[in-house]
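To be precise, the following lines are structure_8.txt, and they hold compact mmCIF, C-alpha atoms.
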```
# COMPACT_ATOMS: atom_id res chain seq x y z
CA MET U 1 20.75 -18.18 88.61
CA ALA U 2 22.31 -20.41 85.95
CA GLU U 3 25.95 -19.76 85.20
CA THR U 4 26.75 -18.16 81.84
CA ALA U 5 29.89 -17.29 79.90
CA LYS U 6 30.31 -13.87 78.33
CA LEU U 7 32.00 -13.26 75.00
CA VAL U 8 32.81 -9.73 73.86
CA ILE U 9 33.11 -9.14 70.08
CA ASP U 10 33.47 -5.62 68.64
CA GLY U 11 32.30 -4.15 71.91
CA LYS U 12 29.12 -6.23 71.99
CA THR U 13 28.61 -8.77 74.78
CA PHE U 14 27.05 -12.16 74.14
CA GLU U 15 26.08 -14.66 76.83
CA PHE U 16 26.11 -18.42 76.44
CA PRO U 17 24.86 -21.07 78.88
CA VAL U 18 27.27 -23.19 80.91
CA ILE U 19 26.44 -26.92 81.01
CA VAL U 20 27.64 -28.95 84.01
CA GLY U 21 28.01 -32.73 83.77
CA THR U 22 27.20 -35.14 86.59
CA GLU U 23 30.91 -35.34 87.52
CA GLY U 24 31.31 -31.55 87.55
CA GLU U 25 32.70 -31.15 84.03
CA LYS U 26 31.84 -27.72 82.62
CA ALA U 27 31.19 -26.75 79.02
CA ILE U 28 30.14 -23.54 77.29
CA ASP U 29 27.12 -24.18 75.09
CA ILE U 30 27.97 -22.48 71.78
CA ARG U 31 25.29 -24.11 69.65
CA LYS U 32 23.85 -20.64 68.86
CA LEU U 33 27.25 -18.91 68.49
CA ARG U 34 27.16 -18.60 64.70
CA ASP U 35 23.53 -17.53 64.56
CA GLU U 36 24.02 -14.81 67.16
CA THR U 37 27.53 -13.55 66.33
CA GLY U 38 28.44 -14.72 62.83
CA TYR U 39 31.55 -16.36 64.31
CA ILE U 40 32.53 -20.01 64.71
CA THR U 41 35.24 -21.59 66.88
CA LEU U 42 38.47 -23.18 65.60
CA ASP U 43 39.73 -26.24 67.47
CA ASP U 44 42.11 -28.43 65.47
CA GLY U 45 41.71 -32.03 66.57
CA TYR U 46 38.63 -31.16 68.68
CA GLY U 47 40.73 -31.31 71.85
CA ASN U 48 38.53 -28.69 73.55
CA THR U 49 35.24 -29.40 71.80
CA GLY U 50 32.44 -31.49 73.25
CA SER U 51 30.69 -33.20 70.35
CA CYS U 52 27.85 -34.65 72.42
CA GLN U 53 26.37 -35.25 75.83
CA SER U 54 26.77 -38.91 76.79
CA LYS U 55 25.83 -41.19 79.68
CA ILE U 56 28.17 -44.04 78.71
CA THR U 57 31.76 -43.43 79.84
CA PHE U 58 33.47 -40.97 82.19
CA ILE U 59 37.21 -40.26 82.15
CA ASP U 60 39.25 -38.02 84.44
CA GLY U 61 42.68 -38.11 82.89
CA ASP U 62 44.36 -36.12 85.66
CA LYS U 63 43.21 -38.56 88.35
CA GLY U 64 43.47 -41.73 86.23
CA ILE U 65 39.74 -42.50 86.45
CA LEU U 66 37.76 -44.57 83.94
CA ARG U 67 34.14 -45.55 84.57
CA HIS U 68 31.47 -47.18 82.43
CA ARG U 69 27.90 -46.23 83.37
CA GLY U 70 29.20 -45.24 86.81
CA TYR U 71 31.13 -48.45 87.50
CA SER U 72 34.90 -48.16 87.92
CA ILE U 73 37.07 -50.05 85.46
CA GLU U 74 38.81 -51.65 88.47
CA ASP U 75 35.53 -53.16 89.72
CA LEU U 76 34.53 -54.36 86.27
CA ALA U 77 37.94 -55.93 85.68
CA GLU U 78 37.82 -57.77 89.01
CA HIS U 79 34.20 -58.91 89.05
CA SER U 80 32.72 -58.74 85.55
CA THR U 81 33.12 -60.52 82.22
CA PHE U 82 33.41 -59.01 78.79
CA ILE U 83 29.88 -60.08 77.87
CA GLU U 84 28.40 -58.62 81.05
CA THR U 85 30.39 -55.41 80.51
CA ALA U 86 29.18 -55.25 76.91
CA TRP U 87 25.56 -55.44 78.12
CA LEU U 88 26.26 -52.72 80.71
CA VAL U 89 27.87 -50.38 78.21
CA ILE U 90 25.10 -50.83 75.63
CA HIS U 91 22.03 -50.92 77.88
CA GLY U 92 23.11 -48.81 80.85
CA GLU U 93 22.66 -51.33 83.67
CA LEU U 94 24.28 -54.59 84.73
CA PRO U 95 22.22 -57.48 83.35
CA THR U 96 19.92 -59.54 85.53
CA PRO U 97 20.62 -63.30 85.61
CA GLU U 98 17.79 -63.77 83.10
CA GLN U 99 19.20 -61.11 80.78
CA SER U 100 22.69 -62.61 81.06
CA LYS U 101 21.41 -66.06 80.14
CA LYS U 102 19.35 -64.71 77.24
CA PHE U 103 22.27 -62.71 75.84
CA SER U 104 24.65 -65.66 76.22
CA VAL U 105 22.25 -67.93 74.32
CA MET U 106 21.91 -65.32 71.57
CA LEU U 107 25.68 -65.01 71.21
CA THR U 108 26.00 -68.77 70.87
CA GLU U 109 23.22 -68.87 68.27
CA GLN U 110 24.74 -66.01 66.27
CA ALA U 111 28.38 -67.20 66.25
CA MET U 112 28.16 -68.99 62.90
CA LEU U 113 28.61 -67.13 59.62
CA HIS U 114 26.06 -67.63 56.86
CA THR U 115 27.46 -70.08 54.30
CA ASP U 116 26.96 -67.46 51.58
CA THR U 117 29.63 -65.32 53.24
CA LEU U 118 32.39 -67.92 53.11
CA HIS U 119 33.21 -67.29 49.47
CA HIS U 120 33.98 -63.65 50.38
CA PHE U 121 37.05 -64.85 52.26
CA GLU U 122 38.24 -66.57 49.09
CA GLY U 123 38.05 -63.22 47.32
CA PHE U 124 40.61 -61.65 49.63
CA GLY U 125 44.26 -62.20 48.82
CA GLU U 126 46.42 -64.28 51.13
CA HIS U 127 48.09 -61.13 52.45
CA ALA U 128 44.94 -59.03 52.77
CA PRO U 129 45.01 -56.95 55.98
CA PRO U 130 42.65 -58.48 58.55
CA MET U 131 41.27 -55.02 59.39
CA ALA U 132 40.21 -54.56 55.76
CA ILE U 133 38.52 -57.96 55.84
CA LEU U 134 36.78 -57.16 59.12
CA SER U 135 35.42 -53.84 57.85
CA ALA U 136 34.24 -55.40 54.58
CA MET U 137 32.58 -58.36 56.26
CA LEU U 138 30.64 -56.11 58.64
CA ASN U 139 29.17 -54.44 55.57
CA VAL U 140 28.40 -57.87 54.13
CA MET U 141 26.37 -58.50 57.28
CA ALA U 142 24.31 -55.44 56.41
CA CYS U 143 23.47 -57.10 53.08
CA GLN U 144 22.41 -60.32 54.81
CA HIS U 145 20.13 -58.72 57.39
CA PRO U 146 17.98 -56.13 55.62
CA GLU U 147 15.44 -56.41 58.44
CA LEU U 148 18.03 -54.79 60.76
CA LEU U 149 19.03 -51.91 58.49
CA LYS U 150 16.49 -49.80 60.35
CA ILE U 151 16.42 -50.62 64.04
CA GLU U 152 13.24 -49.35 65.67
CA ASN U 153 12.96 -51.19 69.01
CA GLU U 154 14.98 -52.84 71.77
CA ASP U 155 14.47 -56.37 70.43
CA GLN U 156 15.98 -55.41 67.06
CA LEU U 157 18.88 -53.65 68.77
CA LEU U 158 19.53 -56.69 70.97
CA LEU U 159 19.57 -58.98 67.95
CA GLY U 160 21.78 -56.65 65.92
CA SER U 161 24.29 -56.17 68.73
CA ALA U 162 24.37 -59.93 69.44
CA LYS U 163 25.08 -60.67 65.77
CA ILE U 164 27.94 -58.16 65.66
CA ILE U 165 29.56 -59.00 69.00
CA SER U 166 29.36 -62.75 68.32
CA LYS U 167 30.22 -62.87 64.64
CA VAL U 168 33.11 -60.42 64.87
CA ARG U 169 35.14 -63.17 66.61
CA THR U 170 34.37 -65.62 63.82
CA ILE U 171 35.25 -63.11 61.12
CA ALA U 172 38.53 -62.26 62.86
CA ALA U 173 39.48 -65.92 63.36
CA PHE U 174 38.57 -66.83 59.77
CA ALA U 175 40.65 -63.91 58.47
CA TYR U 176 43.63 -65.14 60.49
CA ARG U 177 43.22 -68.77 59.37
CA ARG U 178 42.92 -67.62 55.76
CA SER U 179 46.19 -65.67 56.02
CA GLN U 180 47.92 -68.76 57.43
CA GLY U 181 46.54 -71.15 54.82
CA LEU U 182 44.72 -73.12 57.51
CA PRO U 183 41.21 -74.62 57.47
CA PHE U 184 38.48 -72.71 59.28
CA ASN U 185 37.50 -73.77 62.79
CA TYR U 186 33.81 -73.34 63.47
CA PRO U 187 32.57 -71.98 66.82
CA HIS U 188 31.86 -74.50 69.53
CA PRO U 189 28.46 -74.08 71.26
CA ASP U 190 29.76 -75.16 74.68
CA TYR U 191 32.70 -72.73 74.91
CA ARG U 192 32.66 -69.35 76.60
CA TYR U 193 33.25 -66.19 74.53
CA CYS U 194 37.05 -65.92 74.83
CA HIS U 195 37.60 -69.69 74.90
CA ASN U 196 35.62 -69.99 71.67
CA PHE U 197 37.68 -67.30 69.98
CA LEU U 198 40.98 -68.94 70.94
CA HIS U 199 39.60 -72.27 69.70
CA MET U 200 38.66 -70.79 66.32
CA MET U 201 42.08 -69.15 66.08
CA PHE U 202 44.43 -71.93 67.15
CA SER U 203 42.80 -75.39 67.24
CA MET U 204 44.04 -77.94 64.73
CA PRO U 205 42.05 -80.89 63.35
CA PHE U 206 44.43 -83.22 65.15
CA LYS U 207 44.97 -81.08 68.28
CA PRO U 208 42.32 -78.91 69.97
CA TYR U 209 43.73 -75.74 71.52
CA GLU U 210 43.93 -76.09 75.30
CA VAL U 211 43.00 -72.83 76.97
CA HIS U 212 44.70 -72.13 80.28
CA PRO U 213 42.42 -70.25 82.75
CA ASP U 214 44.96 -67.43 83.14
CA VAL U 215 45.16 -66.99 79.36
CA GLU U 216 41.37 -66.92 79.02
CA ARG U 217 41.13 -64.45 81.89
CA ALA U 218 43.81 -62.22 80.35
CA LEU U 219 41.98 -62.09 77.02
CA ASN U 220 38.72 -61.39 78.85
CA LEU U 221 40.43 -58.52 80.68
CA PHE U 222 41.90 -57.19 77.44
CA LEU U 223 38.41 -56.98 75.93
CA ILE U 224 36.86 -55.41 79.04
CA LEU U 225 39.57 -52.76 79.16
CA HIS U 226 38.91 -51.82 75.52
CA ALA U 227 35.09 -51.87 75.70
CA ASP U 228 34.76 -48.07 75.46
CA HIS U 229 36.90 -45.00 75.95
CA GLU U 230 34.72 -41.95 75.49
CA GLN U 231 34.88 -39.84 72.29
CA ASN U 232 38.09 -41.12 70.72
CA CYS U 233 38.70 -41.05 66.97
CA SER U 234 36.90 -44.29 66.07
CA THR U 235 33.95 -43.74 68.42
CA SER U 236 33.51 -40.21 67.12
CA THR U 237 33.62 -41.66 63.61
CA VAL U 238 30.80 -44.09 64.47
CA ARG U 239 28.72 -41.20 65.79
CA ILE U 240 29.42 -38.98 62.79
CA VAL U 241 28.54 -41.74 60.33
CA GLY U 242 25.54 -42.77 62.41
CA SER U 243 24.28 -39.17 62.51
CA ALA U 244 23.43 -39.60 58.82
CA ARG U 245 21.11 -42.42 59.99
CA THR U 246 23.48 -44.99 58.58
CA ASN U 247 22.69 -48.53 59.71
CA LEU U 248 24.43 -50.11 62.70
CA PHE U 249 26.58 -52.55 60.68
CA THR U 250 28.01 -49.87 58.40
CA SER U 251 28.54 -47.45 61.29
CA VAL U 252 30.69 -49.90 63.26
CA SER U 253 32.47 -50.81 60.03
CA ALA U 254 33.47 -47.15 59.78
CA GLY U 255 34.76 -47.40 63.34
CA VAL U 256 36.99 -50.30 62.27
CA CYS U 257 38.44 -48.17 59.46
CA ALA U 258 39.23 -45.32 61.87
CA LEU U 259 40.75 -47.68 64.42
CA TRP U 260 43.03 -49.08 61.71
CA GLY U 261 45.15 -45.91 61.84
CA SER U 262 48.60 -46.22 63.38
CA LEU U 263 47.95 -43.25 65.70
CA HIS U 264 44.85 -44.92 67.13
CA GLY U 265 44.37 -48.68 67.26
CA GLY U 266 47.82 -49.36 65.84
CA ALA U 267 49.64 -48.03 68.88
CA ASN U 268 50.32 -51.49 70.34
CA VAL U 269 51.74 -52.51 66.97
CA GLU U 270 54.16 -49.59 67.22
CA VAL U 271 55.27 -50.92 70.60
CA VAL U 272 56.26 -54.32 69.19
CA GLN U 273 57.93 -52.71 66.16
CA MET U 274 59.94 -50.54 68.55
CA LEU U 275 61.04 -53.67 70.45
CA GLU U 276 62.00 -55.31 67.16
CA ASP U 277 64.08 -52.25 66.25
CA ILE U 278 65.92 -52.38 69.57
CA HIS U 279 66.63 -56.08 69.09
CA ARG U 280 67.68 -55.70 65.46
CA THR U 281 70.13 -52.85 66.13
CA GLY U 282 71.61 -54.52 69.20
CA LYS U 283 70.94 -51.55 71.46
CA SER U 284 70.30 -52.14 75.11
CA PRO U 285 66.90 -50.99 76.42
CA LYS U 286 68.66 -48.44 78.64
CA GLU U 287 70.60 -47.04 75.67
CA PHE U 288 67.43 -46.76 73.58
CA ILE U 289 65.58 -44.98 76.37
CA GLU U 290 68.44 -42.51 76.86
CA ARG U 291 68.41 -41.70 73.15
CA ALA U 292 64.62 -41.38 73.14
CA LYS U 293 64.90 -38.61 75.75
CA ASP U 294 66.79 -36.54 73.17
CA LYS U 295 64.21 -34.96 70.85
CA ASN U 296 66.82 -34.65 68.09
CA SER U 297 67.88 -38.31 68.13
CA GLY U 298 65.09 -39.58 65.87
CA HIS U 299 64.26 -42.34 68.36
CA LYS U 300 60.59 -42.53 69.28
CA LEU U 301 59.35 -44.20 72.43
CA PHE U 302 56.00 -45.94 72.06
CA GLY U 303 53.77 -47.31 74.81
CA PHE U 304 54.51 -44.64 77.42
CA GLY U 305 52.26 -41.75 78.39
CA HIS U 306 48.75 -41.07 77.10
CA ARG U 307 46.99 -38.12 75.49
CA VAL U 308 44.10 -38.31 77.97
CA TYR U 309 45.70 -39.73 81.12
CA LYS U 310 48.13 -37.40 82.86
CA ASN U 311 48.55 -40.06 85.51
CA PHE U 312 48.99 -43.84 85.27
CA ASP U 313 46.57 -45.32 82.72
CA PRO U 314 44.21 -47.28 85.01
CA ARG U 315 43.78 -49.96 82.37
CA ALA U 316 47.54 -50.50 82.21
CA LYS U 317 47.73 -51.23 85.94
CA ILE U 318 45.08 -53.92 85.59
CA LEU U 319 46.52 -55.53 82.47
CA LYS U 320 50.09 -55.55 83.81
CA ASN U 321 49.24 -58.07 86.54
CA SER U 322 47.47 -60.33 84.07
CA VAL U 323 50.35 -60.12 81.58
CA ASP U 324 52.79 -61.21 84.27
CA LYS U 325 50.69 -64.33 84.90
CA VAL U 326 50.37 -65.15 81.20
CA LEU U 327 54.12 -64.89 80.63
CA LYS U 328 54.67 -67.46 83.38
CA VAL U 329 51.98 -69.76 81.97
CA VAL U 330 53.03 -69.75 78.33
CA GLY U 331 56.72 -69.84 79.17
CA VAL U 332 57.62 -67.99 75.99
CA ASN U 333 61.34 -67.59 75.42
CA ASP U 334 61.12 -64.32 73.52
CA ARG U 335 63.88 -61.72 73.46
CA LEU U 336 61.38 -58.96 72.59
CA LEU U 337 59.37 -59.66 75.71
CA GLU U 338 62.56 -59.59 77.77
CA ILE U 339 63.39 -56.18 76.29
CA ALA U 340 59.88 -54.91 77.09
CA LEU U 341 60.14 -55.95 80.72
CA GLN U 342 63.56 -54.31 81.02
CA MET U 343 62.17 -51.07 79.55
CA GLU U 344 59.26 -51.17 81.98
CA GLU U 345 61.61 -51.56 84.94
CA ILE U 346 63.84 -48.69 83.79
CA ALA U 347 60.95 -46.31 83.05
CA LEU U 348 59.19 -46.86 86.37
CA LYS U 349 62.39 -45.80 88.22
CA ASP U 350 63.73 -43.09 85.90
CA PRO U 351 63.13 -39.52 87.23
CA TYR U 352 62.66 -38.29 83.63
CA PHE U 353 59.60 -40.52 83.20
CA ILE U 354 58.30 -40.06 86.74
CA GLU U 355 58.42 -36.24 86.58
CA ARG U 356 56.63 -36.22 83.21
CA LYS U 357 54.23 -38.98 84.26
CA LEU U 358 55.24 -41.07 81.25
CA TYR U 359 54.07 -44.37 82.63
CA PRO U 360 53.60 -47.53 80.53
CA ASN U 361 50.12 -47.35 79.00
CA ILE U 362 47.67 -50.05 77.98
CA ASP U 363 49.20 -50.27 74.50
CA PHE U 364 52.53 -51.25 76.03
CA TYR U 365 51.05 -54.16 77.98
CA SER U 366 48.53 -55.22 75.34
CA GLY U 367 51.31 -55.48 72.78
CA ILE U 368 53.24 -57.77 75.12
CA LEU U 369 50.12 -59.84 75.86
CA LEU U 370 49.05 -60.35 72.25
CA ARG U 371 52.57 -61.30 71.23
CA ALA U 372 52.78 -63.79 74.10
CA LEU U 373 49.50 -65.35 72.90
CA GLY U 374 51.07 -65.94 69.48
CA LEU U 375 49.09 -63.36 67.52
CA PRO U 376 50.76 -61.75 64.50
CA LEU U 377 51.08 -57.97 64.38
CA ASP U 378 48.32 -57.48 61.83
CA MET U 379 45.82 -59.08 64.23
CA PHE U 380 46.55 -56.68 67.11
CA THR U 381 44.15 -53.98 65.92
CA VAL U 382 41.53 -56.61 65.11
CA MET U 383 41.61 -57.63 68.78
CA PHE U 384 41.13 -53.99 69.73
CA SER U 385 38.10 -53.87 67.41
CA ILE U 386 36.50 -56.90 69.03
CA GLY U 387 36.82 -55.26 72.43
CA ARG U 388 35.56 -51.86 71.27
CA MET U 389 32.37 -53.14 69.60
CA PRO U 390 30.17 -52.61 72.70
CA GLY U 391 31.27 -48.98 72.95
CA TRP U 392 30.60 -48.34 69.27
CA ILE U 393 27.17 -49.97 69.48
CA ALA U 394 26.31 -48.01 72.65
CA ASN U 395 27.32 -44.69 71.10
CA TRP U 396 25.36 -45.44 67.92
CA LYS U 397 22.32 -46.34 70.06
CA GLU U 398 22.64 -43.20 72.17
CA LEU U 399 22.99 -41.01 69.09
CA VAL U 400 19.92 -42.48 67.39
CA GLU U 401 17.82 -42.24 70.55
CA THR U 402 18.66 -38.55 71.05
CA ALA U 403 17.60 -37.79 67.45
CA SER U 404 20.54 -35.42 67.01
CA ARG U 405 21.19 -33.52 63.82
CA ILE U 406 23.54 -34.81 61.16
CA ASN U 407 27.10 -33.90 62.14
CA ARG U 408 28.43 -31.10 59.98
CA PRO U 409 31.61 -29.34 61.27
CA ARG U 410 32.49 -25.90 59.97
CA GLN U 411 35.85 -24.72 58.67
CA ILE U 412 37.96 -21.60 58.26
CA TYR U 413 38.63 -21.25 54.53
CA THR U 414 42.22 -20.17 53.74
CA GLY U 415 42.34 -20.79 49.98
CA ALA U 416 42.37 -18.46 46.97
CA ASN U 417 39.80 -15.68 46.53
CA LEU U 418 37.48 -15.51 43.52
CA ARG U 419 39.46 -15.52 40.26
CA PRO U 420 38.57 -15.85 36.56
CA TYR U 421 38.89 -19.12 34.68
CA VAL U 422 42.08 -19.29 32.55
CA ALA U 423 41.75 -20.77 29.08
CA ARG U 424 43.87 -23.85 28.39
CA ASP U 425 46.07 -22.14 25.78
CA LYS U 426 46.91 -19.31 28.19
CA ARG U 427 48.00 -21.38 31.21
```

Can you turn what I pasted into structure tokens?
Amino acid sequence: MAETAKLVIDGKTFEFPVIVGTEGEKAIDIRKLRDETGYITLDDGYGNTGSCQSKITFIDGDKGILRHRGYSIEDLAEHSTFIETAWLVIHGELPTPEQSKKFSVMLTEQAMLHTDTLHHFEGFGEHAPPMAILSAMLNVMACQHPELLKIENEDQLLLGSAKIISKVRTIAAFAYRRSQGLPFNYPHPDYRYCHNFLHMMFSMPFKPYEVHPDVERALNLFLILHADHEQNCSTSTVRIVGSARTNLFTSVSAGVCALWGSLHGGANVEVVQMLEDIHRTGKSPKEFIERAKDKNSGHKLFGFGHRVYKNFDPRAKILKNSVDKVLKVVGVNDRLLEIALQMEEIALKDPYFIERKLYPNIDFYSGILLRALGLPLDMFTVMFSIGRMPGWIANWKELVETASRINRPRQIYTGANLRPYVARDKR
């Protein structure tokens, strides 16, 4: 007999089905709650609400587990590439050699931006936030590809996802070059995905950017580790917007806007700003950490602990090793990076952090990595966006294929009751 949950309201008992996921997760199916009882649930922040059933990503925060389509993030980080992982996340299976080659060719073909789009960059001010540019340019892509506004088959989805995943690098690099007053570097057809991005970002007409293998691998890892992360704020935004049958380009553009928030994609920016504050005030890392333990001190510690993971963030473990290699390769003499490494050493030994499981998270290490690569703060969240595109596309695809209803949360109204209109002269 299927398990049910009983709810007693005013002496009347109602039964609701229990849904069990493939990893043993349990949920009470309350889709008929309002119809049968007249009640709704209240869950600020949706921390206990399942908004969908999904086959894409599994997380067990207590055990520090992250899997995409059944593959552990550790295996993907060791053996896969970002492009292969993107295919896996979107299509559900690792690509065959033929599929890998086809997708790679498509990404190369789609890397260029249409010449009509270049004047849009001129319309943005020199100090325009790159995330605003990225979101806007994704919507411009919707204008340029009307044939993909309604995706009805796998070939159209493959083309649309290739355009987004490939062109997002070019848009990001062009936004950066524009902010620096530098000429655009066009994508090179012979370079791999990450190599090409670094070329478009940093090559000069008189000096091509030389990509060290450890740097390319670190960036590849960064993107793999950000490919998807279940129903976070930006992914949920993509699904909510997509539930209105909004096109793929606009839906992922909405994801960019959500990710822009400092509590979401801006977390690694907060890490670097914290390091800058420590350096500026002359505090030692140990002194800052001691003050951060005091809730009344006003000192906030960023980059430690995670809302989902109650153990070590598995992505942080992977990225830490790569960051260590990059720091040796680039040989950056940066006081902020020295402070970060000192804070890491202190936190990993401090009983306060160990008991509370406040380990360095992926934002801590990604902030260090992106700074070491020479990226300005306002590009950090753009990098996050590039990595998260496969997850957004996969969730949009899954939503459309399940033909779910338009998302429409309820609310508990706490405003004024009915009252008469007051004439202007009597207010």

Neighbours of point (47.1, -46.1, 83.6) within 10 Å, using all atoms listed in the file, written as an NGL selection string: :U and (61 or 63-66 or 304-306 or 309-320 or 358-362)

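Taking atom CA of U:Arg335 and atom CA of U:Leu225 as the two end points, the separation is 26.5 Å.
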
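Here atom CA of U:Ser179 is placed at a distance of 13.1 Å from atom CA of U:Leu134.
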
All residues 10 Å or closer to U:Thr4, all atoms listed in the file, same chain fewer than 5 positions away omitted, as a ChimeraX atom specification: /U:14-19,28-29

Exercise: U:Thr117 partners within 10 Å, all atoms listed in the file, chain neighbours under 6 positions left out, as number ranges by chain: U: 137, 140-141, 144, 171

Go ahead and save the picked residues with C-alpha atoms, as an mmCIF file, in the frame of the given file.
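See part.cif below for the written result:
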```cif
data_model
loop_
_atom_site.group_PDB
_atom_site.id
_atom_site.type_symbol
_atom_site.label_atom_id
_atom_site.label_comp_id
_atom_site.auth_asym_id
_atom_site.auth_seq_id
_atom_site.Cartn_x
_atom_site.Cartn_y
_atom_site.Cartn_z
ATOM 1 C CA MET U 137 32.580 -58.360 56.260
ATOM 2 C CA VAL U 140 28.400 -57.870 54.130
ATOM 3 C CA MET U 141 26.370 -58.500 57.280
ATOM 4 C CA GLN U 144 22.410 -60.320 54.810
ATOM 5 C CA ILE U 171 35.250 -63.110 61.120
#
```

9 Å contact set for U:Arg217, only C-alpha atoms, chain neighbours under 4 positions out, as a PyMOL selection string: chain U and resi 81+194+212-213+221-222+322

Atomic separation - atom CA of U:Ile386 relative to atom CA of U:Gly160, Å: 15.0 Å

Give one line per residue of stretch 219-315 of chain U that approaches stretch 390-405 of chain U to at most 6 Å, naming the two atoms of the closest pair and their distance in Å to one decimal, counting only C-alpha atoms; sort by chain then ascending residue number and deliver it as a tab-separated table.
```
residue	atom	partner	partner_atom	distance
U:Ala227	CA	U:Gly391	CA	5.5
U:Asp228	CA	U:Gly391	CA	4.4
U:Thr235	CA	U:Trp392	CA	5.8
U:Arg239	CA	U:Trp396	CA	5.8
```

Write the residues of the preceding selection, restricted to C-alpha atoms, as a PDB file, in the coordinates of the input.
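That gives us again05.pdb:
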```pdb
ATOM      1  CA  ALA U 227      35.090 -51.870  75.700  1.00  0.00           C
ATOM      2  CA  ASP U 228      34.760 -48.070  75.460  1.00  0.00           C
ATOM      3  CA  THR U 235      33.950 -43.740  68.420  1.00  0.00           C
ATOM      4  CA  ARG U 239      28.720 -41.200  65.790  1.00  0.00           C
TER       5      ARG U 239
END
```

Contacts of U:Asp363 at 8 Å (all atoms listed in the file; same-chain gap of 2+ positions) as a ChimeraX atom specification: /U:267-268,271,303,316,360-361,365-367

Selected residue, from U:Leu248, U:Val308, U:Leu113, U:Ile9, that lies nearest to U:Gln156 when counting only C-alpha atoms: U:Leu248

Distance criterion (all atoms listed in the file): nearest to U:Ile368 out of U:Leu301, U:Leu118, U:Ile289, U:Val272: U:Val272

Contacts of stretch 185-188 of chain U within 6 Å, all atoms listed in the file, excl. fewer than 2 positions in-chain, as an MDAnalysis selection string: chainID U and resid 190:191 200

Counting all atoms listed in the file, the residue of U:Gly21, U:Gly415, U:Pro409, U:Gly255 that sits nearest U:Asn139: U:Gly255
